[in-house]
>>> print(open('my_file06.cif').read())   # mmCIF, C-alpha atoms and all ligand atoms
data_final
loop_
_atom_site.group_PDB
_atom_site.id
_atom_site.type_symbol
_atom_site.label_atom_id
_atom_site.label_comp_id
_atom_site.auth_asym_id
_atom_site.auth_seq_id
_atom_site.Cartn_x
_atom_site.Cartn_y
_atom_site.Cartn_z
ATOM 1 C CA MET A 1 3.384 -47.483 -19.195
ATOM 2 C CA GLN A 2 4.145 -46.808 -22.853
ATOM 3 C CA ASN A 3 1.868 -44.567 -24.881
ATOM 4 C CA VAL A 4 2.746 -46.344 -28.108
ATOM 5 C CA ALA A 5 3.668 -49.979 -28.738
ATOM 6 C CA PRO A 6 7.360 -50.825 -28.178
ATOM 7 C CA GLU A 7 7.599 -51.865 -31.850
ATOM 8 C CA ILE A 8 6.480 -48.380 -32.896
ATOM 9 C CA GLU A 9 8.965 -46.787 -30.458
ATOM 10 C CA GLY A 10 11.668 -48.955 -32.058
ATOM 11 C CA TYR A 11 10.555 -48.024 -35.575
ATOM 12 C CA LEU A 12 10.630 -44.301 -34.732
ATOM 13 C CA ALA A 13 14.032 -44.627 -33.048
ATOM 14 C CA ALA A 14 15.402 -46.283 -36.206
ATOM 15 C CA LEU A 15 14.134 -43.331 -38.273
ATOM 16 C CA ASN A 16 15.871 -40.890 -35.892
ATOM 17 C CA PRO A 17 19.238 -42.518 -35.241
ATOM 18 C CA GLY A 18 21.262 -39.358 -34.642
ATOM 19 C CA ASN A 19 24.903 -40.433 -34.695
ATOM 20 C CA GLU A 20 27.293 -42.795 -32.946
ATOM 21 C CA ARG A 21 28.112 -40.375 -30.158
ATOM 22 C CA LEU A 22 24.429 -39.829 -29.353
ATOM 23 C CA ALA A 23 23.921 -43.595 -29.294
ATOM 24 C CA ARG A 24 26.855 -43.963 -26.889
ATOM 25 C CA VAL A 25 25.572 -41.188 -24.600
ATOM 26 C CA ALA A 26 22.084 -42.740 -24.645
ATOM 27 C CA ALA A 27 23.547 -46.144 -23.715
ATOM 28 C CA GLU A 28 25.558 -44.527 -20.938
ATOM 29 C CA GLY A 29 22.419 -42.787 -19.630
ATOM 30 C CA GLU A 30 20.574 -46.091 -19.593
ATOM 31 C CA ALA A 31 23.468 -47.842 -17.822
ATOM 32 C CA LEU A 32 23.523 -45.091 -15.189
ATOM 33 C CA GLY A 33 19.737 -45.286 -14.775
ATOM 34 C CA LEU A 34 19.227 -41.689 -15.916
ATOM 35 C CA PRO A 35 15.739 -40.751 -17.157
ATOM 36 C CA ILE A 36 16.909 -39.157 -20.400
ATOM 37 C CA VAL A 37 14.744 -38.524 -23.477
ATOM 38 C CA ASN A 38 14.721 -40.911 -26.452
ATOM 39 C CA PRO A 39 15.841 -40.323 -30.070
ATOM 40 C CA ALA A 40 12.315 -39.338 -31.234
ATOM 41 C CA VAL A 41 12.174 -36.568 -28.615
ATOM 42 C CA GLY A 42 15.765 -35.560 -29.359
ATOM 43 C CA ARG A 43 15.013 -35.163 -33.055
ATOM 44 C CA PHE A 44 11.843 -33.220 -32.234
ATOM 45 C CA LEU A 45 13.869 -30.795 -30.095
ATOM 46 C CA GLU A 46 16.365 -30.413 -32.931
ATOM 47 C CA ALA A 47 13.515 -29.724 -35.393
ATOM 48 C CA LEU A 48 12.156 -27.028 -33.062
ATOM 49 C CA VAL A 49 15.582 -25.354 -32.977
ATOM 50 C CA VAL A 50 15.488 -25.118 -36.767
ATOM 51 C CA ALA A 51 11.791 -24.144 -37.027
ATOM 52 C CA THR A 52 12.121 -21.287 -34.530
ATOM 53 C CA GLY A 53 15.543 -20.067 -35.689
ATOM 54 C CA THR A 54 16.718 -20.664 -32.140
ATOM 55 C CA ARG A 55 19.985 -19.080 -31.021
ATOM 56 C CA ARG A 56 19.581 -19.250 -27.229
ATOM 57 C CA VAL A 57 18.359 -22.282 -25.291
ATOM 58 C CA LEU A 58 17.731 -22.781 -21.579
ATOM 59 C CA GLU A 59 17.502 -26.364 -20.338
ATOM 60 C CA ILE A 60 16.449 -27.400 -16.841
ATOM 61 C CA GLY A 61 17.936 -30.818 -16.039
ATOM 62 C CA THR A 62 21.136 -31.744 -17.894
ATOM 63 C CA ALA A 63 21.717 -35.318 -16.649
ATOM 64 C CA ASN A 64 24.567 -36.631 -18.836
ATOM 65 C CA GLY A 65 23.920 -34.100 -21.614
ATOM 66 C CA TYR A 66 21.956 -36.295 -24.038
ATOM 67 C CA SER A 67 19.092 -33.886 -24.803
ATOM 68 C CA ALA A 68 21.494 -30.912 -24.895
ATOM 69 C CA LEU A 69 23.550 -32.753 -27.553
ATOM 70 C CA TRP A 70 20.390 -33.008 -29.699
ATOM 71 C CA LEU A 71 19.537 -29.350 -29.052
ATOM 72 C CA ALA A 72 23.069 -28.299 -30.027
ATOM 73 C CA ARG A 73 23.206 -30.194 -33.326
ATOM 74 C CA SER A 74 21.490 -27.564 -35.450
ATOM 75 C CA LEU A 75 22.256 -24.508 -33.364
ATOM 76 C CA PRO A 76 24.173 -21.814 -35.312
ATOM 77 C CA ALA A 77 27.874 -21.410 -34.488
ATOM 78 C CA ASP A 78 27.125 -18.339 -32.360
ATOM 79 C CA GLY A 79 24.261 -20.125 -30.558
ATOM 80 C CA GLN A 80 24.266 -20.838 -26.832
ATOM 81 C CA ILE A 81 22.732 -23.406 -24.507
ATOM 82 C CA LEU A 82 22.586 -22.818 -20.760
ATOM 83 C CA THR A 83 21.769 -26.057 -19.009
ATOM 84 C CA LEU A 84 21.080 -26.325 -15.271
ATOM 85 C CA GLU A 85 21.960 -29.402 -13.216
ATOM 86 C CA ILE A 86 21.916 -29.853 -9.450
ATOM 87 C CA ASN A 87 24.160 -32.935 -9.427
ATOM 88 C CA PRO A 88 27.848 -31.996 -9.900
ATOM 89 C CA GLU A 89 28.908 -35.512 -10.990
ATOM 90 C CA ARG A 90 26.299 -35.556 -13.751
ATOM 91 C CA ALA A 91 27.323 -32.035 -14.783
ATOM 92 C CA ALA A 92 30.954 -33.215 -15.077
ATOM 93 C CA VAL A 93 29.948 -36.167 -17.261
ATOM 94 C CA ALA A 94 27.878 -33.851 -19.487
ATOM 95 C CA ARG A 95 30.731 -31.344 -19.807
ATOM 96 C CA HIS A 96 32.999 -34.157 -20.926
ATOM 97 C CA HIS A 97 30.524 -35.063 -23.691
ATOM 98 C CA PHE A 98 30.249 -31.440 -24.836
ATOM 99 C CA GLU A 99 34.036 -31.173 -24.959
ATOM 100 C CA GLU A 100 34.530 -34.366 -26.963
ATOM 101 C CA SER A 101 31.769 -33.197 -29.356
ATOM 102 C CA GLY A 102 33.514 -29.848 -29.938
ATOM 103 C CA LEU A 103 30.493 -28.058 -28.430
ATOM 104 C CA ALA A 104 32.000 -26.802 -25.178
ATOM 105 C CA ASP A 105 32.040 -23.213 -26.494
ATOM 106 C CA ARG A 106 28.285 -23.394 -27.131
ATOM 107 C CA VAL A 107 27.020 -25.252 -24.051
ATOM 108 C CA ASP A 108 27.394 -23.908 -20.500
ATOM 109 C CA VAL A 109 26.524 -26.291 -17.690
ATOM 110 C CA ILE A 110 25.501 -24.387 -14.564
ATOM 111 C CA VAL A 111 25.588 -26.441 -11.370
ATOM 112 C CA GLY A 112 22.930 -25.533 -8.821
ATOM 113 C CA ASP A 113 19.276 -25.692 -7.892
ATOM 114 C CA ALA A 114 17.143 -24.554 -10.827
ATOM 115 C CA ALA A 115 14.756 -22.852 -8.395
ATOM 116 C CA ARG A 116 17.526 -20.375 -7.648
ATOM 117 C CA MET A 117 19.503 -20.430 -10.895
ATOM 118 C CA VAL A 118 16.565 -19.437 -13.148
ATOM 119 C CA HIS A 119 16.640 -16.072 -11.386
ATOM 120 C CA LYS A 120 20.338 -15.658 -12.137
ATOM 121 C CA VAL A 121 20.137 -16.237 -15.896
ATOM 122 C CA ALA A 122 19.121 -13.465 -18.284
ATOM 123 C CA GLY A 123 16.640 -13.924 -21.114
ATOM 124 C CA PRO A 124 15.312 -13.810 -23.653
ATOM 125 C CA PHE A 125 15.549 -17.444 -24.755
ATOM 126 C CA ASP A 126 14.120 -18.789 -28.012
ATOM 127 C CA LEU A 127 13.604 -22.275 -26.605
ATOM 128 C CA ILE A 128 13.352 -23.621 -23.053
ATOM 129 C CA PHE A 129 13.411 -27.354 -22.312
ATOM 130 C CA ASN A 130 11.937 -28.004 -18.872
ATOM 131 C CA ASN A 131 13.023 -31.443 -17.717
ATOM 132 C CA GLY A 132 14.136 -31.143 -14.095
ATOM 133 C CA GLU A 133 12.455 -31.748 -10.736
ATOM 134 C CA LYS A 134 8.714 -32.320 -11.295
ATOM 135 C CA ARG A 135 7.555 -30.485 -8.174
ATOM 136 C CA GLN A 136 9.339 -27.394 -9.487
ATOM 137 C CA TYR A 137 7.316 -27.309 -12.707
ATOM 138 C CA GLY A 138 4.525 -25.178 -11.202
ATOM 139 C CA PRO A 139 6.683 -22.811 -9.132
ATOM 140 C CA LEU A 140 9.003 -22.144 -12.125
ATOM 141 C CA LEU A 141 6.323 -21.545 -14.751
ATOM 142 C CA ASN A 142 5.984 -17.761 -14.491
ATOM 143 C CA ARG A 143 9.726 -17.248 -14.455
ATOM 144 C CA LEU A 144 10.209 -19.481 -17.504
ATOM 145 C CA VAL A 145 7.476 -17.690 -19.470
ATOM 146 C CA SER A 146 9.086 -14.348 -18.630
ATOM 147 C CA LEU A 147 12.445 -15.664 -19.922
ATOM 148 C CA LEU A 148 10.908 -16.686 -23.268
ATOM 149 C CA ARG A 149 10.848 -14.292 -26.233
ATOM 150 C CA PRO A 150 7.466 -13.727 -27.899
ATOM 151 C CA GLY A 151 7.102 -16.618 -30.372
ATOM 152 C CA GLY A 152 9.538 -18.673 -28.299
ATOM 153 C CA VAL A 153 8.755 -22.238 -27.237
ATOM 154 C CA LEU A 154 8.656 -23.880 -23.817
ATOM 155 C CA VAL A 155 8.856 -27.676 -24.079
ATOM 156 C CA THR A 156 8.013 -29.622 -20.924
ATOM 157 C CA ASP A 157 8.849 -33.309 -20.602
ATOM 158 C CA ASN A 158 7.044 -36.068 -18.661
ATOM 159 C CA VAL A 159 3.624 -34.411 -18.720
ATOM 160 C CA LEU A 160 1.883 -37.825 -18.864
ATOM 161 C CA TRP A 161 4.055 -39.277 -16.090
ATOM 162 C CA ASN A 162 3.616 -42.934 -16.955
ATOM 163 C CA GLY A 163 -0.098 -42.245 -17.627
ATOM 164 C CA GLU A 164 -0.587 -41.539 -13.927
ATOM 165 C CA VAL A 165 -1.939 -38.019 -14.505
ATOM 166 C CA VAL A 166 -5.095 -39.841 -15.658
ATOM 167 C CA PRO A 167 -6.816 -40.697 -12.368
ATOM 168 C CA GLY A 168 -7.141 -44.461 -11.766
ATOM 169 C CA LEU A 169 -5.402 -45.508 -15.001
ATOM 170 C CA VAL A 170 -2.381 -47.065 -13.296
ATOM 171 C CA ALA A 171 -3.306 -49.059 -10.214
ATOM 172 C CA PRO A 172 -1.486 -49.207 -7.935
ATOM 173 C CA PRO A 173 0.449 -46.063 -8.904
ATOM 174 C CA ARG A 174 4.185 -46.537 -9.401
ATOM 175 C CA ARG A 175 5.118 -42.865 -9.178
ATOM 176 C CA GLU A 176 5.269 -40.613 -6.123
ATOM 177 C CA PRO A 177 1.692 -39.225 -5.747
ATOM 178 C CA ASP A 178 2.952 -35.719 -4.899
ATOM 179 C CA ASP A 179 4.897 -35.615 -8.165
ATOM 180 C CA THR A 180 1.861 -36.844 -10.104
ATOM 181 C CA ALA A 181 -0.353 -34.197 -8.496
ATOM 182 C CA ALA A 182 2.232 -31.492 -9.255
ATOM 183 C CA ILE A 183 2.392 -32.456 -12.934
ATOM 184 C CA ALA A 184 -1.403 -32.733 -13.268
ATOM 185 C CA GLU A 185 -1.817 -29.260 -11.770
ATOM 186 C CA TYR A 186 0.941 -27.872 -13.996
ATOM 187 C CA ASN A 187 -0.778 -29.307 -17.089
ATOM 188 C CA GLN A 188 -4.039 -27.578 -16.118
ATOM 189 C CA ARG A 189 -2.151 -24.305 -15.689
ATOM 190 C CA LEU A 190 -0.428 -24.648 -19.066
ATOM 191 C CA ALA A 191 -3.739 -25.418 -20.783
ATOM 192 C CA ALA A 192 -5.402 -22.343 -19.235
ATOM 193 C CA ASP A 193 -2.458 -19.926 -19.628
ATOM 194 C CA GLU A 194 -3.465 -17.233 -22.113
ATOM 195 C CA ARG A 195 0.135 -16.126 -22.650
ATOM 196 C CA LEU A 196 0.777 -19.524 -24.261
ATOM 197 C CA VAL A 197 -0.645 -21.789 -26.942
ATOM 198 C CA THR A 198 0.019 -25.295 -25.636
ATOM 199 C CA SER A 199 -0.178 -28.611 -27.448
ATOM 200 C CA PHE A 200 0.110 -31.814 -25.374
ATOM 201 C CA LEU A 201 1.680 -34.669 -27.314
ATOM 202 C CA PRO A 202 1.772 -38.364 -26.308
ATOM 203 C CA VAL A 203 5.411 -38.728 -27.372
ATOM 204 C CA ARG A 204 7.405 -41.021 -25.030
ATOM 205 C CA ASP A 205 6.317 -39.879 -21.507
ATOM 206 C CA GLY A 206 4.340 -36.898 -22.854
ATOM 207 C CA LEU A 207 5.572 -33.529 -24.117
ATOM 208 C CA ALA A 208 3.858 -30.170 -23.728
ATOM 209 C CA VAL A 209 4.831 -27.691 -26.423
ATOM 210 C CA SER A 210 3.888 -24.153 -25.378
ATOM 211 C CA VAL A 211 4.403 -21.235 -27.753
ATOM 212 C CA ARG A 212 4.505 -17.789 -26.180
ATOM 213 C CA ARG A 213 2.006 -15.572 -27.974
ATOM 214 C CA ARG A 214 3.422 -12.559 -29.829
ATOM 215 C CA ILE A 215 0.596 -10.318 -28.608
HETATM 216 C C1 LIG A 301 15.024 -36.132 -16.464
HETATM 217 S S1 LIG A 301 16.658 -35.783 -16.034
HETATM 218 C C2 LIG A 301 17.213 -34.780 -17.368
HETATM 219 C C3 LIG A 301 17.405 -35.557 -18.631
HETATM 220 C C4 LIG A 301 18.065 -34.782 -19.765
HETATM 221 N N1 LIG A 301 17.351 -33.539 -20.029
HETATM 222 C C5 LIG A 301 18.080 -35.631 -21.015
HETATM 223 O O1 LIG A 301 16.980 -35.953 -21.511
HETATM 224 O O2 LIG A 301 19.160 -35.964 -21.509
HETATM 225 C C6 LIG A 301 16.449 -34.588 -14.762
HETATM 226 C C7 LIG A 301 17.737 -34.005 -14.235
HETATM 227 O O3 LIG A 301 17.377 -32.870 -13.420
HETATM 228 C C8 LIG A 301 18.263 -32.799 -12.347
HETATM 229 N N2 LIG A 301 17.624 -32.038 -11.269
HETATM 230 C C9 LIG A 301 16.761 -32.501 -10.304
HETATM 231 N N3 LIG A 301 16.398 -31.510 -9.487
HETATM 232 C C10 LIG A 301 17.027 -30.387 -9.930
HETATM 233 C C11 LIG A 301 17.055 -29.044 -9.478
HETATM 234 N N4 LIG A 301 16.368 -28.657 -8.404
HETATM 235 N N5 LIG A 301 17.811 -28.157 -10.155
HETATM 236 C C12 LIG A 301 18.535 -28.556 -11.253
HETATM 237 N N6 LIG A 301 18.552 -29.820 -11.720
HETATM 238 C C13 LIG A 301 17.800 -30.728 -11.071
HETATM 239 C C14 LIG A 301 18.528 -34.266 -11.980
HETATM 240 O O4 LIG A 301 19.739 -34.407 -11.267
HETATM 241 C C15 LIG A 301 18.534 -34.941 -13.351
HETATM 242 O O5 LIG A 301 19.846 -35.094 -13.844
#
>>> encode(input="my_file06.cif", output="structure tokens")
Amino acid sequence: MQNVAPEIEGYLAALNPGNERLARVAAEGEALGLPIVNPAVGRFLEALVVATGTRRVLEIGTANGYSALWLARSLPADGQILTLEINPERAAVARHHFEESGLADRVDVIVGDAARMVHKVAGPFDLIFNNGEKRQYGPLLNRLVSLLRPGGVLVTDNVLWNGEVVPGLVAPPRREPDDTAAIAEYNQRLAADERLVTSFLPVRDGLAVSVRRRI
């Protein structure tokens, strides 16, 4: 289910074209059936990097590196992205894209289960993009908030989950009910979390933008 008309998605994509390499990596992701973000989300992530003066990024869920390429575009030369991916073949494809983009010195792909790896990385991060396994969203939340600097931003993808977080909207449901329940519960937690100011946006499959309070 699309939150905005396909024509509007197309219009927004045309306003946010990125570059030829991004278009190629997006086409590759589609051909491989990877659930990567779209150009509107990519540009939004890039804008957040600039707005927050981000130097350090943590990403959960690399896939073929598409969103990390957007995140890296406006990162300063001494910036760093750590991106976690459980699938070694996908990690290898992503590394190849970072190398051919001249970004390999700025992007580290860590292969492993995010549930374990988030305890092996050291914060603080200015920006965290949470886009991995949906049932891990809840269990990882406290760790991710603790890794975020005050004023830092946690962006979570797929918070609308094809609209299925709205009970009864999609019948019969197309998504795994346990995943839907996990995301719905996570959204409630984000909304109630006093350490964060969270805005839920109906961009693509839904983005939650959570800013860690400074006090
Ligand atoms: C939605 S895709 C990421 C898309 C990518 N961020 C983009 O937009 O270009 C989710 C990725 O998370 C990975 N993943 C799933 N479970 C994971 C886990 N437990 N730890 C780390 N990565 C995981 C999947 O293999 C998949 O490549």
>>> resolve_selection(input="my_file06.cif", expression="the PyMOL selection byres (((chain A and resi 97-100) around 9) and not hetatm)", output="list in words")
Arg21, Val25, Asn64, Gly65, Tyr66, Ala68, Leu69, Ala92, Val93, Ala94, Arg95, His96, Ser101, Gly102, Leu103, Ala104, Asp105, Arg106 and Val107 of chain A
>>> write_last_selection(input="my_file06.cif", atoms="C-alpha atoms", output="PDB file, in the frame of the given file")
ATOM      1  CA  ARG A  21      28.112 -40.375 -30.158  1.00  0.00           C
ATOM      2  CA  VAL A  25      25.572 -41.188 -24.600  1.00  0.00           C
ATOM      3  CA  ASN A  64      24.567 -36.631 -18.836  1.00  0.00           C
ATOM      4  CA  GLY A  65      23.920 -34.100 -21.614  1.00  0.00           C
ATOM      5  CA  TYR A  66      21.956 -36.295 -24.038  1.00  0.00           C
ATOM      6  CA  ALA A  68      21.494 -30.912 -24.895  1.00  0.00           C
ATOM      7  CA  LEU A  69      23.550 -32.753 -27.553  1.00  0.00           C
ATOM      8  CA  ALA A  92      30.954 -33.215 -15.077  1.00  0.00           C
ATOM      9  CA  VAL A  93      29.948 -36.167 -17.261  1.00  0.00           C
ATOM     10  CA  ALA A  94      27.878 -33.851 -19.487  1.00  0.00           C
ATOM     11  CA  ARG A  95      30.731 -31.344 -19.807  1.00  0.00           C
ATOM     12  CA  HIS A  96      32.999 -34.157 -20.926  1.00  0.00           C
ATOM     13  CA  SER A 101      31.769 -33.197 -29.356  1.00  0.00           C
ATOM     14  CA  GLY A 102      33.514 -29.848 -29.938  1.00  0.00           C
ATOM     15  CA  LEU A 103      30.493 -28.058 -28.430  1.00  0.00           C
ATOM     16  CA  ALA A 104      32.000 -26.802 -25.178  1.00  0.00           C
ATOM     17  CA  ASP A 105      32.040 -23.213 -26.494  1.00  0.00           C
ATOM     18  CA  ARG A 106      28.285 -23.394 -27.131  1.00  0.00           C
ATOM     19  CA  VAL A 107      27.020 -25.252 -24.051  1.00  0.00           C
TER      20      VAL A 107
END
>>> resolve_selection(input="my_file06.cif", expression="the PyMOL selection byres (((chain A and resi 71) around 8) and not hetatm)", output="PyMOL selection string")
chain A and resi 42+45-46+49+67-70+72-75
>>> write_last_selection(input="my_file06.cif", atoms="C-alpha atoms", output="mmCIF file, in the coordinates of the input")
data_model
loop_
_atom_site.group_PDB
_atom_site.id
_atom_site.type_symbol
_atom_site.label_atom_id
_atom_site.label_comp_id
_atom_site.auth_asym_id
_atom_site.auth_seq_id
_atom_site.Cartn_x
_atom_site.Cartn_y
_atom_site.Cartn_z
ATOM 1 C CA GLY A 42 15.765 -35.560 -29.359
ATOM 2 C CA LEU A 45 13.869 -30.795 -30.095
ATOM 3 C CA GLU A 46 16.365 -30.413 -32.931
ATOM 4 C CA VAL A 49 15.582 -25.354 -32.977
ATOM 5 C CA SER A 67 19.092 -33.886 -24.803
ATOM 6 C CA ALA A 68 21.494 -30.912 -24.895
ATOM 7 C CA LEU A 69 23.550 -32.753 -27.553
ATOM 8 C CA TRP A 70 20.390 -33.008 -29.699
ATOM 9 C CA ALA A 72 23.069 -28.299 -30.027
ATOM 10 C CA ARG A 73 23.206 -30.194 -33.326
ATOM 11 C CA SER A 74 21.490 -27.564 -35.450
ATOM 12 C CA LEU A 75 22.256 -24.508 -33.364
#
>>> closest_residue(input="my_file06.cif", among="A:Arg175, A:Arg55, A:Arg189, A:Arg204", to="A:Pro139", atoms="only C-alpha atoms")
A:Arg189
>>> closest_residue(input="my_file06.cif", among="A:Tyr11, A:Gln80, A:Met1, A:Pro88", to="ligand LIG 301 (chain A)", atoms="all atoms listed in the file")
A:Pro88
>>> closest_residue(input="my_file06.cif", among="A:Leu201, A:Leu207, A:Ala5, A:Leu190", to="ligand LIG 301 (chain A)", atoms="all atoms listed in the file")
A:Leu207
>>> residues_near_ligand(input="my_file06.cif", ligand="ligand LIG 301 (chain A)", cutoff="7 Å", atoms="all atoms listed in the file", output="ChimeraX atom specification")
/A:34-37,60-68,84-87,90,112-115,131-133
>>> atom_distance(input="my_file06.cif", atom1="atom CA of A:Tyr186", atom2="atom CA of A:Leu154")
13.1 Å
>>> residues_around(input="my_file06.cif", residues="A:Val197", least_positions_apart="2", cutoff="7 Å", atoms="all atoms listed in the file", output="list in words")
Ser199, Ser210, Val211, Arg212 and Arg213 of chain A
>>> resolve_selection(input="my_file06.cif", expression="the PyMOL selection byres (((chain A and resi 122) around 12) and not hetatm)", output="PyMOL selection string")
chain A and resi 56-58+82+117-121+123-125+143-144+146-149
>>> build_atoms(input="my_file06.cif", residues="stretch 31-46 of chain A", atoms="N, CA, C and O atoms", output="PDB file, in the coordinates of the input")
ATOM      1  N   ALA A  31      22.652 -47.070 -18.773  1.00  0.00           N
ATOM      2  CA  ALA A  31      23.468 -47.842 -17.822  1.00  0.00           C
ATOM      3  C   ALA A  31      23.509 -47.160 -16.456  1.00  0.00           C
ATOM      4  O   ALA A  31      23.566 -47.830 -15.419  1.00  0.00           O
ATOM      5  N   LEU A  32      23.482 -45.833 -16.458  1.00  0.00           N
ATOM      6  CA  LEU A  32      23.523 -45.091 -15.189  1.00  0.00           C
ATOM      7  C   LEU A  32      22.130 -44.930 -14.572  1.00  0.00           C
ATOM      8  O   LEU A  32      21.982 -44.336 -13.504  1.00  0.00           O
ATOM      9  N   GLY A  33      21.110 -45.407 -15.280  1.00  0.00           N
ATOM     10  CA  GLY A  33      19.737 -45.286 -14.775  1.00  0.00           C
ATOM     11  C   GLY A  33      19.210 -43.862 -14.833  1.00  0.00           C
ATOM     12  O   GLY A  33      18.341 -43.481 -14.032  1.00  0.00           O
ATOM     13  N   LEU A  34      19.688 -43.081 -15.802  1.00  0.00           N
ATOM     14  CA  LEU A  34      19.227 -41.689 -15.916  1.00  0.00           C
ATOM     15  C   LEU A  34      17.973 -41.614 -16.787  1.00  0.00           C
ATOM     16  O   LEU A  34      17.921 -42.241 -17.859  1.00  0.00           O
ATOM     17  N   PRO A  35      16.982 -40.840 -16.369  1.00  0.00           N
ATOM     18  CA  PRO A  35      15.739 -40.751 -17.157  1.00  0.00           C
ATOM     19  C   PRO A  35      15.862 -39.742 -18.305  1.00  0.00           C
ATOM     20  O   PRO A  35      15.227 -38.691 -18.310  1.00  0.00           O
ATOM     21  N   ILE A  36      16.699 -40.081 -19.273  1.00  0.00           N
ATOM     22  CA  ILE A  36      16.909 -39.157 -20.400  1.00  0.00           C
ATOM     23  C   ILE A  36      15.844 -39.371 -21.475  1.00  0.00           C
ATOM     24  O   ILE A  36      15.145 -40.381 -21.475  1.00  0.00           O
ATOM     25  N   VAL A  37      15.731 -38.407 -22.400  1.00  0.00           N
ATOM     26  CA  VAL A  37      14.744 -38.524 -23.477  1.00  0.00           C
ATOM     27  C   VAL A  37      15.186 -39.612 -24.457  1.00  0.00           C
ATOM     28  O   VAL A  37      16.273 -40.187 -24.310  1.00  0.00           O
ATOM     29  N   ASN A  38      14.349 -39.897 -25.454  1.00  0.00           N
ATOM     30  CA  ASN A  38      14.721 -40.911 -26.452  1.00  0.00           C
ATOM     31  C   ASN A  38      15.014 -40.216 -27.792  1.00  0.00           C
ATOM     32  O   ASN A  38      14.857 -38.994 -27.915  1.00  0.00           O
ATOM     33  N   PRO A  39      15.464 -40.965 -28.805  1.00  0.00           N
ATOM     34  CA  PRO A  39      15.841 -40.323 -30.070  1.00  0.00           C
ATOM     35  C   PRO A  39      14.688 -39.561 -30.734  1.00  0.00           C
ATOM     36  O   PRO A  39      14.917 -38.513 -31.355  1.00  0.00           O
ATOM     37  N   ALA A  40      13.442 -40.044 -30.604  1.00  0.00           N
ATOM     38  CA  ALA A  40      12.315 -39.338 -31.234  1.00  0.00           C
ATOM     39  C   ALA A  40      12.144 -37.951 -30.610  1.00  0.00           C
ATOM     40  O   ALA A  40      11.907 -36.959 -31.311  1.00  0.00           O
ATOM     41  N   VAL A  41      12.288 -37.869 -29.289  1.00  0.00           N
ATOM     42  CA  VAL A  41      12.174 -36.568 -28.615  1.00  0.00           C
ATOM     43  C   VAL A  41      13.386 -35.696 -28.966  1.00  0.00           C
ATOM     44  O   VAL A  41      13.249 -34.494 -29.232  1.00  0.00           O
ATOM     45  N   GLY A  42      14.558 -36.325 -29.010  1.00  0.00           N
ATOM     46  CA  GLY A  42      15.765 -35.560 -29.359  1.00  0.00           C
ATOM     47  C   GLY A  42      15.631 -34.916 -30.722  1.00  0.00           C
ATOM     48  O   GLY A  42      15.907 -33.728 -30.903  1.00  0.00           O
ATOM     49  N   ARG A  43      15.164 -35.694 -31.698  1.00  0.00           N
ATOM     50  CA  ARG A  43      15.013 -35.163 -33.055  1.00  0.00           C
ATOM     51  C   ARG A  43      13.941 -34.066 -33.096  1.00  0.00           C
ATOM     52  O   ARG A  43      14.059 -33.086 -33.822  1.00  0.00           O
ATOM     53  N   PHE A  44      12.899 -34.244 -32.299  1.00  0.00           N
ATOM     54  CA  PHE A  44      11.843 -33.220 -32.234  1.00  0.00           C
ATOM     55  C   PHE A  44      12.421 -31.912 -31.682  1.00  0.00           C
ATOM     56  O   PHE A  44      12.137 -30.828 -32.208  1.00  0.00           O
ATOM     57  N   LEU A  45      13.238 -32.005 -30.644  1.00  0.00           N
ATOM     58  CA  LEU A  45      13.869 -30.795 -30.095  1.00  0.00           C
ATOM     59  C   LEU A  45      14.760 -30.139 -31.156  1.00  0.00           C
ATOM     60  O   LEU A  45      14.750 -28.912 -31.318  1.00  0.00           O
ATOM     61  N   GLU A  46      15.495 -30.955 -31.877  1.00  0.00           N
ATOM     62  CA  GLU A  46      16.365 -30.413 -32.931  1.00  0.00           C
ATOM     63  C   GLU A  46      15.523 -29.708 -34.003  1.00  0.00           C
ATOM     64  O   GLU A  46      15.873 -28.619 -34.470  1.00  0.00           O
TER      65      GLU A  46
END
